[in-house]
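Working notes, beginning with the structure itself.
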Amino acid sequence: MERRTRMYRGALGLLLAGGVLLTGCSGEGTGSKSSTADRRGAPAPAPAATGGAAENGAKNGSKDGAHRADGLRESAPPDYLSTFALDVDTASYGYARRTLTDGRLPEPETVRPEEFVNSFRQGYRRPKGNGFTVSVDGARAGAEGGDWSLVRVGLATRAAPSGAERPPAALTFVVDISGSMASPDRLGLVKTSLGILTDELRDDDSVSLVTFSDAAETVLPMTRLRDHRGRIHDAVDSMEATDSTNVEAGVRRGCEEAVDGHRKGANNRVVLLSDALANTGETDADAILERIGSARREYGITLFGVGVGSDYGDALMERLTDKGDGHTTYIADEEQARKVFVDQLPAHLELTARDAKAQVAFDRKTVEKFRLIGYEDREVADEDFRDDRVDGGEIGPGHTVTALYAVRLRDGASGQVATATVRWLDPKSRSAHEETGSVGTGAIEGRLWGGDSTRLQVTAVAAYFADTLRGGGLPGAPGLGELASRAEALAAATEDDSVARLATAIGRADRLKGGHEDTGTGTGEGEMD
């Protein structure tokens, strides 16, 4: 489902330059949901930042402002709301690490900062039931950042259940066996991954297997694991690469198999494993999802997408994610496969929240300007925050979602900085729920580097790294060499191997890039591009 593009109405001045694919098998486009203008009695947005009706009312103004008598445009009053659909994708970071390991810088368009940030543990407090907790904190960006601070909005779902506690699963593996998959790090890794998953699943789980190249074929119909693991392993081992890549045929056949093998009360998923280099049949994500929309609408079947390969169709996978309520991951080796299919399996199979969105209201009395780092593809119109017909994100247990903002406070500011509200639908009852958290100036006055929160520092390093890879522009961003040093120190302080791998990736990028990025400060007020 396409998200409506968010409209920027701030007086921007000098712009600063540069959020399991649990993707719904859905073909519903924007037309399937009423526009804001067509709604009757739709609820208002979350509480807006203070500042008077005249300023807040500008949210309904023109994107570009009104024409003046001299033919120039007058900018609309500044915008102090930020609204986006939740996202737990991590594929962009995984693919960037793989690309750097291969001795290449990732293409800027494949770098999404929210996926870098969401790849790391945050340590947020978790709720006991479905839904979210909301944590908001921050720190001063340091001497390089001047008057800028980082504000972190953290959302967490309940802890993932153990393998024995989750509901049974009915999984349809949809595997790309096209010619481009003919290497050990592609089809070979997929076979290894499915072998690991087959051993990890319980006896009361079920699986089926569909392969696709220029056409799709059902290799194994839905089969209960009990007493049939050998048969499933044999089917996986029999796969060989051939011909071209028809993703549409594979997804369509996979959804058909999932419908035929649908189990009430189970987590019904289609697991798509591919390099996403579609070159036959329908290659557009919107059209692919349009042709299998009934599987999601009638049966609630979703896709879990796993990307592989040094040449990876990031744009197609990412578009499928945006259109289909979910997230995707990327694996480059057996260690990452075990993390996804063993350590994180319950989180990829179950849902705790549907159509989840967040809205952050900044207080114009204390905040001069702000910028959300990433989530460009997940933006939602502010007025659609409480319209539950407008698409949000599907989130499972054990997940955290982090949104990081660069914020510049007004001189002498004191008081409330921001209020963050998350809204979601219960996956079973579809009833709406909200949670809110806030932060004041006193909570973000501490220094970032060397401060009390090592996890906030890791978040900052990941965000600054991503921003540098896609062109830079964040105020206070250290150079890559300094970022690598900070990541190494944080890896030692946290004893976290994932942070050590981040330090290695930054070091590789520094050697490949061989330069320093300028940082900007921008002008104007309100929300910035």
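In the structure tokens, chains take the letters A, B, ... in the order shown, each chain's residues start at 1, and ligands count up from 1 in the order shown.
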
Within 7 Å of segment 427-450 of chain A, which residues of segment 125-189 of chain A come that close, and what is the closest atom pair and distance in Å for each? Count only C-alpha atoms and give it as a tab-separated table.
```
residue	atom	partner	partner_atom	distance
A:Phe132	CA	A:Glu435	CA	7.0
A:Thr133	CA	A:Glu435	CA	6.8
A:Val134	CA	A:Gly437	CA	5.3
A:Ser135	CA	A:Gly437	CA	6.1
A:Val136	CA	A:Val439	CA	5.8
A:Asp137	CA	A:Val439	CA	6.3
A:Gly138	CA	A:Ile444	CA	4.5
A:Ala139	CA	A:Ile444	CA	4.3
A:Arg140	CA	A:Arg447	CA	4.9
A:Ala141	CA	A:Leu448	CA	5.6
A:Gly142	CA	A:Arg447	CA	6.4
```

Can you spit out the residues from that selection as a compact mmCIF listing (two decimals), in the first residue's frame, using C-alpha atoms?
```txt
# COMPACT_ATOMS: atom_id res chain seq x y z
CA PHE A 132 4.96 -0.45 22.94
CA THR A 133 6.86 1.45 25.56
CA VAL A 134 8.05 4.96 24.62
CA SER A 135 11.45 6.29 25.72
CA VAL A 136 12.76 9.75 24.78
CA ASP A 137 16.25 11.05 25.60
CA GLY A 138 19.13 12.88 23.99
CA ALA A 139 22.41 14.75 24.36
CA ARG A 140 24.39 17.68 23.02
CA ALA A 141 26.14 16.77 19.78
CA GLY A 142 29.47 18.25 20.91
```

Show me, as JSON lines, the residues of segment 351-416 of chain A having an atom within 9 Å of segment 119-130 of chain A, each with the closest atom pair and its distance in Å, using only C-alpha atoms.
```
{"residue": "A:Leu351", "atom": "CA", "partner": "A:Asn130", "partner_atom": "CA", "distance": 8.8}
{"residue": "A:Thr352", "atom": "CA", "partner": "A:Asn130", "partner_atom": "CA", "distance": 5.2}
{"residue": "A:Ala353", "atom": "CA", "partner": "A:Asn130", "partner_atom": "CA", "distance": 6.9}
{"residue": "A:Pro397", "atom": "CA", "partner": "A:Asn130", "partner_atom": "CA", "distance": 8.0}
{"residue": "A:Gly398", "atom": "CA", "partner": "A:Arg126", "partner_atom": "CA", "distance": 8.6}
{"residue": "A:Thr400", "atom": "CA", "partner": "A:Gln122", "partner_atom": "CA", "distance": 7.4}
{"residue": "A:Thr402", "atom": "CA", "partner": "A:Gln122", "partner_atom": "CA", "distance": 8.4}
```

Please determine, counting only C-alpha atoms, which residue among A:Leu197, A:Ala91, A:Leu81, A:Ala381 has the shortest atom-to-atom distance to Gln344 of chain A.
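Of the candidates, the smallest distance to Gln344 of chain A is held by A:Leu197.
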
May I have the residues within 9 Å of Thr283 of chain A as a ChimeraX atom specification, using only C-alpha atoms and disregarding those fewer than 4 positions away in the same chain?
/A:246-248,277-279,287-288,316

Would you work out the distance separating atom CA of Ala403 of chain A from atom CA of Leu474 of chain A, expressed in Å to one decimal?
14.8 Å

Residues at most 12 Å from Val190 of chain A, counting only C-alpha atoms, excluding those fewer than 4 positions away in the same chain, as a PyMOL selection string?
chain A and resi 173-177+181-186+194-197+211+236-237+239-241+271-275+305-309+330-334+336-338+341

Kindly save the residues from that selection, with N, CA and C atoms included, as a compact mmCIF listing (two decimals), in the first residue's frame.
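Writing the result to again-v1.txt gives the following:
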```txt
# COMPACT_ATOMS: atom_id res chain seq x y z
N PHE A 173 8.41 -21.49 1.80
CA PHE A 173 9.69 -21.00 1.32
C PHE A 173 9.56 -20.72 -0.18
N VAL A 174 9.88 -19.52 -0.59
CA VAL A 174 9.89 -19.15 -2.02
C VAL A 174 11.32 -18.80 -2.37
N VAL A 175 11.97 -19.65 -3.15
CA VAL A 175 13.42 -19.55 -3.36
C VAL A 175 13.73 -19.23 -4.82
N ASP A 176 14.55 -18.23 -5.00
CA ASP A 176 15.05 -17.82 -6.31
C ASP A 176 16.15 -18.78 -6.75
N ILE A 177 15.92 -19.51 -7.86
CA ILE A 177 16.95 -20.41 -8.39
C ILE A 177 17.37 -19.97 -9.79
N MET A 181 21.72 -16.60 -9.10
CA MET A 181 21.87 -17.18 -7.76
C MET A 181 22.92 -18.29 -7.71
N ALA A 182 23.59 -18.56 -8.83
CA ALA A 182 24.49 -19.71 -8.92
C ALA A 182 25.86 -19.41 -8.31
N SER A 183 25.91 -19.22 -7.01
CA SER A 183 27.18 -19.06 -6.31
C SER A 183 26.98 -19.46 -4.86
N PRO A 184 28.07 -19.82 -4.17
CA PRO A 184 27.93 -20.27 -2.77
C PRO A 184 27.33 -19.22 -1.85
N ASP A 185 27.55 -17.92 -2.14
CA ASP A 185 27.02 -16.89 -1.24
C ASP A 185 25.59 -16.51 -1.59
N ARG A 186 25.00 -17.20 -2.54
CA ARG A 186 23.61 -16.94 -2.90
C ARG A 186 22.78 -18.21 -2.68
N LEU A 194 18.01 -22.48 4.95
CA LEU A 194 16.79 -23.27 5.08
C LEU A 194 17.05 -24.57 5.84
N GLY A 195 18.26 -25.08 5.72
CA GLY A 195 18.61 -26.25 6.53
C GLY A 195 18.62 -25.91 8.01
N ILE A 196 19.19 -24.77 8.34
CA ILE A 196 19.20 -24.31 9.74
C ILE A 196 17.78 -24.11 10.24
N LEU A 197 16.94 -23.46 9.42
CA LEU A 197 15.56 -23.19 9.82
C LEU A 197 14.77 -24.48 9.98
N THR A 211 10.03 -22.97 -5.84
CA THR A 211 11.20 -22.38 -6.48
C THR A 211 10.75 -21.61 -7.71
N VAL A 236 15.17 -29.24 -0.17
CA VAL A 236 16.05 -28.06 -0.16
C VAL A 236 17.35 -28.36 -0.89
N ASP A 237 17.95 -29.51 -0.62
CA ASP A 237 19.22 -29.87 -1.24
C ASP A 237 19.11 -30.08 -2.74
N MET A 239 17.71 -28.21 -4.96
CA MET A 239 17.60 -26.99 -5.75
C MET A 239 18.89 -26.70 -6.51
N GLU A 240 18.76 -26.36 -7.79
CA GLU A 240 19.89 -25.97 -8.63
C GLU A 240 19.53 -24.70 -9.40
N ALA A 241 20.52 -23.83 -9.63
CA ALA A 241 20.28 -22.56 -10.30
C ALA A 241 20.12 -22.75 -11.81
N VAL A 271 8.19 -17.01 3.02
CA VAL A 271 9.59 -16.63 3.23
C VAL A 271 10.26 -16.53 1.87
N LEU A 272 10.51 -15.31 1.42
CA LEU A 272 11.10 -15.06 0.10
C LEU A 272 12.60 -14.89 0.25
N LEU A 273 13.37 -15.75 -0.42
CA LEU A 273 14.84 -15.68 -0.38
C LEU A 273 15.35 -15.46 -1.80
N SER A 274 15.99 -14.29 -2.03
CA SER A 274 16.34 -13.91 -3.40
C SER A 274 17.37 -12.80 -3.41
N ASP A 275 18.08 -12.66 -4.55
CA ASP A 275 18.91 -11.48 -4.75
C ASP A 275 18.10 -10.34 -5.36
N GLY A 305 11.03 -11.39 3.84
CA GLY A 305 12.00 -11.34 2.76
C GLY A 305 13.43 -11.35 3.26
N VAL A 306 14.25 -12.20 2.66
CA VAL A 306 15.66 -12.32 3.03
C VAL A 306 16.50 -12.11 1.78
N GLY A 307 17.30 -11.03 1.79
CA GLY A 307 18.14 -10.72 0.64
C GLY A 307 19.51 -11.36 0.75
N VAL A 308 20.07 -11.76 -0.41
CA VAL A 308 21.41 -12.35 -0.48
C VAL A 308 22.12 -11.81 -1.71
N GLY A 309 23.43 -11.97 -1.76
CA GLY A 309 24.20 -11.67 -2.96
C GLY A 309 24.91 -10.34 -2.92
N TYR A 330 18.93 -8.87 5.44
CA TYR A 330 19.94 -9.29 4.48
C TYR A 330 20.96 -10.16 5.21
N ILE A 331 21.35 -11.26 4.57
CA ILE A 331 22.36 -12.13 5.17
C ILE A 331 23.50 -12.32 4.18
N ALA A 332 24.72 -12.35 4.72
CA ALA A 332 25.90 -12.51 3.88
C ALA A 332 26.68 -13.78 4.18
N ASP A 333 26.38 -14.42 5.32
CA ASP A 333 27.14 -15.61 5.70
C ASP A 333 26.31 -16.46 6.66
N GLU A 334 26.85 -17.63 7.03
CA GLU A 334 26.12 -18.57 7.88
C GLU A 334 25.89 -18.00 9.27
N GLN A 336 25.22 -14.89 10.08
CA GLN A 336 24.04 -14.04 10.01
C GLN A 336 22.78 -14.87 9.79
N ALA A 337 22.88 -15.96 9.04
CA ALA A 337 21.73 -16.84 8.83
C ALA A 337 21.26 -17.43 10.16
N ARG A 338 22.18 -17.84 11.00
CA ARG A 338 21.81 -18.39 12.31
C ARG A 338 21.17 -17.33 13.19
N PHE A 341 17.54 -16.97 11.64
CA PHE A 341 16.66 -18.14 11.65
C PHE A 341 16.68 -18.93 12.96
```

So that I can check the surroundings of Leu469 of chain A, please list as a PyMOL selection string every protein, DNA and RNA residue that reaches within 8 Å of it, counting only C-alpha atoms and ignoring chain neighbours fewer than 2 positions away.
chain A and resi 105-106+108+111+465-467+471-472

State, in Å with one decimal place, the distance from atom CA of Phe116 of chain A to atom CA of Tyr95 of chain A.
10.3 Å

Find the residue from A:Thr468, A:Ser178, A:Ser310, A:Thr110 that sits nearest to Thr90 of chain A; use only C-alpha atoms when measuring.
A:Thr110

Interatomic distance (Å, one decimal) between atom CA of Ala295 of chain A and atom CA of Glu318 of chain A
20.4 Å

Could you pull the residues within 10 Å of Leu345 of chain A, counting only C-alpha atoms, minus those fewer than 3 positions along the same chain, as JSON, numbers by chain?
{"A": [20, 160, 161, 162, 163, 166, 197, 200, 201, 338, 339, 340, 341, 342, 348, 349, 350]}

Dump of all heavy atoms for the selected residues, as a short mmCIF file (atom, residue, chain, number, x, y, z; two decimals), in the first residue's frame:
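Result file follows (part_36.cif):
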```cif
data_model
loop_
_atom_site.label_atom_id
_atom_site.label_comp_id
_atom_site.auth_asym_id
_atom_site.auth_seq_id
_atom_site.Cartn_x
_atom_site.Cartn_y
_atom_site.Cartn_z
N VAL A 20 12.56 -10.16 9.43
CA VAL A 20 11.75 -10.92 8.56
C VAL A 20 11.11 -10.11 7.57
O VAL A 20 10.55 -9.24 8.11
CB VAL A 20 10.76 -11.89 9.24
CG1 VAL A 20 9.47 -11.94 8.98
CG2 VAL A 20 11.38 -12.69 10.26
N ALA A 160 10.55 -11.25 22.94
CA ALA A 160 10.14 -12.38 22.09
C ALA A 160 10.00 -13.64 22.93
O ALA A 160 10.80 -13.88 23.84
CB ALA A 160 11.16 -12.60 20.99
N PRO A 161 9.00 -14.45 22.66
CA PRO A 161 8.83 -15.69 23.42
C PRO A 161 9.90 -16.70 23.04
O PRO A 161 10.56 -16.57 22.00
CB PRO A 161 7.44 -16.17 23.00
CG PRO A 161 7.28 -15.64 21.60
CD PRO A 161 7.98 -14.31 21.60
N SER A 162 10.07 -17.69 23.85
CA SER A 162 10.96 -18.79 23.48
C SER A 162 10.31 -19.59 22.35
O SER A 162 9.12 -19.47 22.08
CB SER A 162 11.20 -19.69 24.68
OG SER A 162 10.01 -20.38 25.04
N GLY A 163 11.12 -20.41 21.71
CA GLY A 163 10.59 -21.21 20.61
C GLY A 163 9.45 -22.10 21.02
O GLY A 163 8.54 -22.37 20.24
N ARG A 166 5.86 -19.84 21.36
CA ARG A 166 5.20 -19.17 20.24
C ARG A 166 4.11 -20.06 19.63
O ARG A 166 4.14 -21.29 19.78
CB ARG A 166 6.21 -18.79 19.18
CG ARG A 166 6.89 -19.98 18.51
CD ARG A 166 7.67 -19.60 17.26
NE ARG A 166 8.42 -20.73 16.73
CZ ARG A 166 7.91 -21.68 15.97
NH1 ARG A 166 6.61 -21.67 15.68
NH2 ARG A 166 8.67 -22.66 15.52
N LEU A 197 16.94 -23.46 9.42
CA LEU A 197 15.56 -23.19 9.82
C LEU A 197 14.77 -24.48 9.98
O LEU A 197 13.99 -24.63 10.94
CB LEU A 197 14.89 -22.29 8.79
CG LEU A 197 13.44 -21.89 9.06
CD1 LEU A 197 13.28 -21.24 10.42
CD2 LEU A 197 12.94 -20.95 7.95
N GLU A 200 15.49 -25.92 13.22
CA GLU A 200 15.06 -25.08 14.34
C GLU A 200 13.55 -25.17 14.57
O GLU A 200 13.08 -25.00 15.70
CB GLU A 200 15.46 -23.63 14.08
CG GLU A 200 15.12 -22.66 15.18
CD GLU A 200 15.92 -22.90 16.46
OE1 GLU A 200 16.93 -23.64 16.42
OE2 GLU A 200 15.51 -22.37 17.52
N LEU A 201 12.77 -25.42 13.53
CA LEU A 201 11.31 -25.45 13.65
C LEU A 201 10.85 -26.62 14.52
O LEU A 201 11.54 -27.64 14.67
CB LEU A 201 10.68 -25.54 12.26
CG LEU A 201 10.84 -24.29 11.38
CD1 LEU A 201 10.35 -24.57 9.96
CD2 LEU A 201 10.10 -23.10 11.98
N ARG A 338 22.18 -17.84 11.00
CA ARG A 338 21.81 -18.39 12.31
C ARG A 338 21.17 -17.33 13.19
O ARG A 338 20.24 -17.62 13.96
CB ARG A 338 23.04 -19.01 13.00
CG ARG A 338 23.52 -20.28 12.35
CD ARG A 338 24.56 -21.02 13.17
NE ARG A 338 24.93 -22.26 12.52
CZ ARG A 338 24.22 -23.40 12.60
NH1 ARG A 338 23.13 -23.42 13.35
NH2 ARG A 338 24.62 -24.48 11.96
N LYS A 339 21.65 -16.10 13.09
CA LYS A 339 21.06 -15.03 13.88
C LYS A 339 19.61 -14.82 13.49
O LYS A 339 18.73 -14.67 14.34
CB LYS A 339 21.86 -13.74 13.66
CG LYS A 339 21.32 -12.55 14.44
CD LYS A 339 22.18 -11.31 14.21
CE LYS A 339 21.62 -10.11 14.96
NZ LYS A 339 22.44 -8.88 14.73
N VAL A 340 19.33 -14.83 12.17
CA VAL A 340 17.98 -14.58 11.68
C VAL A 340 17.06 -15.77 11.95
O VAL A 340 15.94 -15.61 12.44
CB VAL A 340 18.00 -14.25 10.17
CG1 VAL A 340 16.59 -14.25 9.59
CG2 VAL A 340 18.68 -12.90 9.95
N PHE A 341 17.54 -16.97 11.64
CA PHE A 341 16.66 -18.14 11.65
C PHE A 341 16.68 -18.93 12.96
O PHE A 341 15.89 -19.87 13.12
CB PHE A 341 17.00 -19.06 10.48
CG PHE A 341 16.67 -18.47 9.14
CD1 PHE A 341 17.66 -18.23 8.21
CD2 PHE A 341 15.37 -18.12 8.83
CE1 PHE A 341 17.36 -17.68 6.97
CE2 PHE A 341 15.06 -17.56 7.60
CZ PHE A 341 16.06 -17.34 6.68
N VAL A 342 17.54 -18.56 13.88
CA VAL A 342 17.56 -19.22 15.19
C VAL A 342 17.30 -18.19 16.29
O VAL A 342 16.26 -18.21 16.95
CB VAL A 342 18.90 -19.95 15.44
CG1 VAL A 342 18.91 -20.58 16.84
CG2 VAL A 342 19.11 -21.03 14.39
N HIS A 348 10.38 -12.88 14.06
CA HIS A 348 10.04 -12.80 12.64
C HIS A 348 8.74 -13.52 12.31
O HIS A 348 8.24 -13.38 11.19
CB HIS A 348 11.18 -13.38 11.80
CG HIS A 348 12.44 -12.59 11.86
ND1 HIS A 348 12.45 -11.22 11.78
CD2 HIS A 348 13.73 -12.97 12.00
CE1 HIS A 348 13.71 -10.78 11.86
NE2 HIS A 348 14.49 -11.83 11.99
N LEU A 349 8.21 -14.31 13.23
CA LEU A 349 7.03 -15.11 12.92
C LEU A 349 5.74 -14.56 13.50
O LEU A 349 4.66 -14.87 13.00
CB LEU A 349 7.22 -16.55 13.43
CG LEU A 349 8.34 -17.36 12.76
CD1 LEU A 349 8.37 -18.78 13.32
CD2 LEU A 349 8.18 -17.38 11.25
N GLU A 350 5.82 -13.75 14.55
CA GLU A 350 4.63 -13.31 15.26
C GLU A 350 4.47 -11.81 15.14
O GLU A 350 5.46 -11.07 14.98
CB GLU A 350 4.74 -13.71 16.74
CG GLU A 350 3.47 -13.47 17.55
CD GLU A 350 3.64 -13.91 19.00
OE1 GLU A 350 4.68 -14.49 19.34
OE2 GLU A 350 2.71 -13.65 19.79
#
```
